[in-house]
Amino acid sequence: MITTLLLALQLGTPPVYDRVILGGRVIDPASNLDAVRNIGLQGGRIAVITTRALSGRDTIDARGLVVAPGFIDLHAHGQTPETYRFYALDGVTTALELELGTSDVAAWYRERSAGELVNYGVSIGHIKVRMAVMHDAGTRMPVGDGAYRDASAAQIAEIAQGIESGLREGAVDIGAGFPYTPAATRDELLAVFRVAARTKTPIHVHIRPGVSGLKEALALAGETNAPLHVVHINSAGLAETPAMLEMIRHARAHGRDVTTEAYPYDAGMTEIQSATIQDVYKAAPDERLAELEWPPTGERLNRESFERYTRLGGPLVIHTNTEPMVVAAITSPVTIIASDAYWQDGTGHPRTTGTFARVLGRYVRDARADVGAQHAAPLRHDTLSLMDAIRKMTLMPAQRLEARVPAMRQKGRLRVGADADITIFDPATVIDRSTYREPSLAPVGIQHVIVNGVSVVANGRAVEGVAPGKAVRGVAPR
Ligand SMILES: [Zn+2]
């Protein structure tokens with residue numbers, strides 16, 4: 001295909017690209033380009049970005065729209081055709097499950113080897129490996145010995161070996177969630193961090209709550225020299241989010257390899273039977289149970305309903321955060337946008353379908369309009385520019401992974417030779433529509449989404465019968 005192009009250039013005839021995207025406002029955080037350009041795609045890659053006229057076998061008219069690198073989600077729990085479709089409609093072209101991960105990396109990739117709607121990948125997960133080693137009966141998360149029983153020295157060695165073999169099989173990185181495995185001792189966690197350090201693999205950690213939880217993770221990473229990624233700083237931090245963002249900024253300024261991410265909602269969601277819920281709310285005063293919402297009915301819980309639904313099992317909405325903390329997390333220069341998409345048995349959190357559109361609509365466009373309406377004064381520092389928002393959705397997640405996943409160097413950027421993963425949206429109308437009551441509503445304003453050169457969303461609607469998404473895998477450590 002490239003040779004055809006070269007031939008056309010040599011003969012002086014203008015090349016005809018597979019597809020051209022014409023007249024869009026092209027925004028590329030890697031080069032800081034923000035200008036009207038035409039883009040030509042060929043063979044699944046970007047072949048040209050230019051002000052010259054282009055022709056293609058297929059044309060997308062992008063006038064009035066923003067053309068951005070496809071969004072990369074580092075925290076997408078749903079990894080099914082249904083959830084890949086949700087993500088695509090929200091502008092996501094690469095969806096990675098890096099927190100829980102899997103205990104069997106080879107099988108996980110094999111199940112998707114026919115291709116999916118978007119690019120996909122997984123971590124080797126400490127939680128999942130521990131569940132296997134400790135013979136836990138839980139399906140998604142530990143409910144028995146995986147959560148509550150100390151591992152013997154031999155079992156710790158087996159867990160570390162399981163993580164290393166997952167990396168050899170091409171896991172994107174290592175996942176962990178300390179509140180889901182409360183019995184894991186410091187020695188066990190150190191063994192996991194040592195694998196991360198030795199293989200130079202980022203470890204994505206759901207830390208214990210608050211400043212003390214972050215201190216623990218930073219100490220484990222510091223002692224072993226492991227690269228650390230702190231997941232959903234908003235829900236890990238709650239009222240302590242600003243202090244924790246400052247700790248991460250400070251660590252980075254001192255040369256530490258520490259990153260973090262956030263999602264733009266003030267309520268969380270997780271499984272009612274998990275240790276992270278049971279350990280907090282079983283012993284909490286009865287009034288605190290009203291923080292919990294049962295999604296099928298929308299009711300706030302009390303002691304009786306909490307116990308009844310615990311026996312049933314299922315996802316739970318947790319109302320414990322505030323809007324100012326969400327704003328602090330989303331607008332901080334250190335945070336990557338990641339959805340923590342959560343979808344199970346036909347219901348889930350609205351972040352599954354709305355995270356990226358919500359940041360672009362609510363925290364970029366509407367926040368600036370609000371400030372402008374109040375006073376023509378300088379913008380508040382806690383608003384986000386379109387360039388910076390796109391950087392948090394594309395370049396920053398790609399850079400977090402690219403040391404171990406060289407393929408990520410071709411994603412998160414609009415440049416010649418990069419993968420043709422592209423999201424085209426209307427900055428004037430883009431907004432999420434999903435709610436806690438109706439979490440499956442697609443956003444508006446995400447007009448076209450292209451994965452490896454193939455449209456997966458066209459004119460705001462999912463394209464059926466295509467599977468251009470490829471496996472994203474780490475390189476085996478030496
Ligand atoms: Zn989590």
# chains A, B, ... in the order shown; residues from 1 in each chain; ligands from 1
>>> residues_around(residues="stretch 461-464 of chain A", least_positions_apart="3", cutoff="9 Å", atoms="only C-alpha atoms", output="VMD selection string")
chain A and resid 85 to 86 88 to 89 446 to 449 455 to 458 467
>>> residues_around(residues="A:Gly177", least_positions_apart="6", cutoff="12 Å", atoms="only C-alpha atoms", output="number ranges by chain")
A: 98-101, 125-130, 141-142, 146-147, 183-184, 189, 192, 203-209, 213, 217, 229-232, 236, 274-276
>>> closest_residue(among="A:Leu401, A:Val67, A:Ala76, A:Ala191", to="ligand 1", atoms="only C-alpha atoms and all ligand atoms")
A:Ala76
>>> residues_around(residues="A:Asp90", least_positions_apart="6", cutoff="10 Å", atoms="only C-alpha atoms", output="ChimeraX atom specification")
/A:71,84,351-358,423,425,430-432,442-447,449,457,460
>>> select_by_dssp(residues="stretch 91-305 of chain A", states="strand (DSSP E)", output="VMD selection string")
chain A and resid 92 to 102 119 to 125 174 to 177 203 to 206 228 to 230 258 to 262 268 to 271 292 to 294 299 to 300
>>> closest_atom_pairs(of="stretch 100-162 of chain A", to="stretch 405-419 of chain A", cutoff="12 Å", atoms="only C-alpha atoms", output="tab-separated table")
residue	atom	partner	partner_atom	distance
A:Asn119	CA	A:Lys411	CA	10.6
A:Tyr120	CA	A:Met408	CA	11.9
A:Gly121	CA	A:Val405	CA	10.6
A:Val122	CA	A:Val405	CA	11.7
A:Ser123	CA	A:Val405	CA	11.7
>>> write_last_selection(atoms="C-alpha atoms", output="PDB file, in the first residue's frame")
ATOM      1  CA  ASN A 119      -7.836  -2.330  21.024  1.00  0.00           C
ATOM      2  CA  TYR A 120      -7.676  -4.317  24.268  1.00  0.00           C
ATOM      3  CA  GLY A 121      -5.183  -5.495  26.865  1.00  0.00           C
ATOM      4  CA  VAL A 122      -4.825  -6.778  30.428  1.00  0.00           C
ATOM      5  CA  SER A 123      -2.494  -6.836  33.411  1.00  0.00           C
TER       6      SER A 123
END
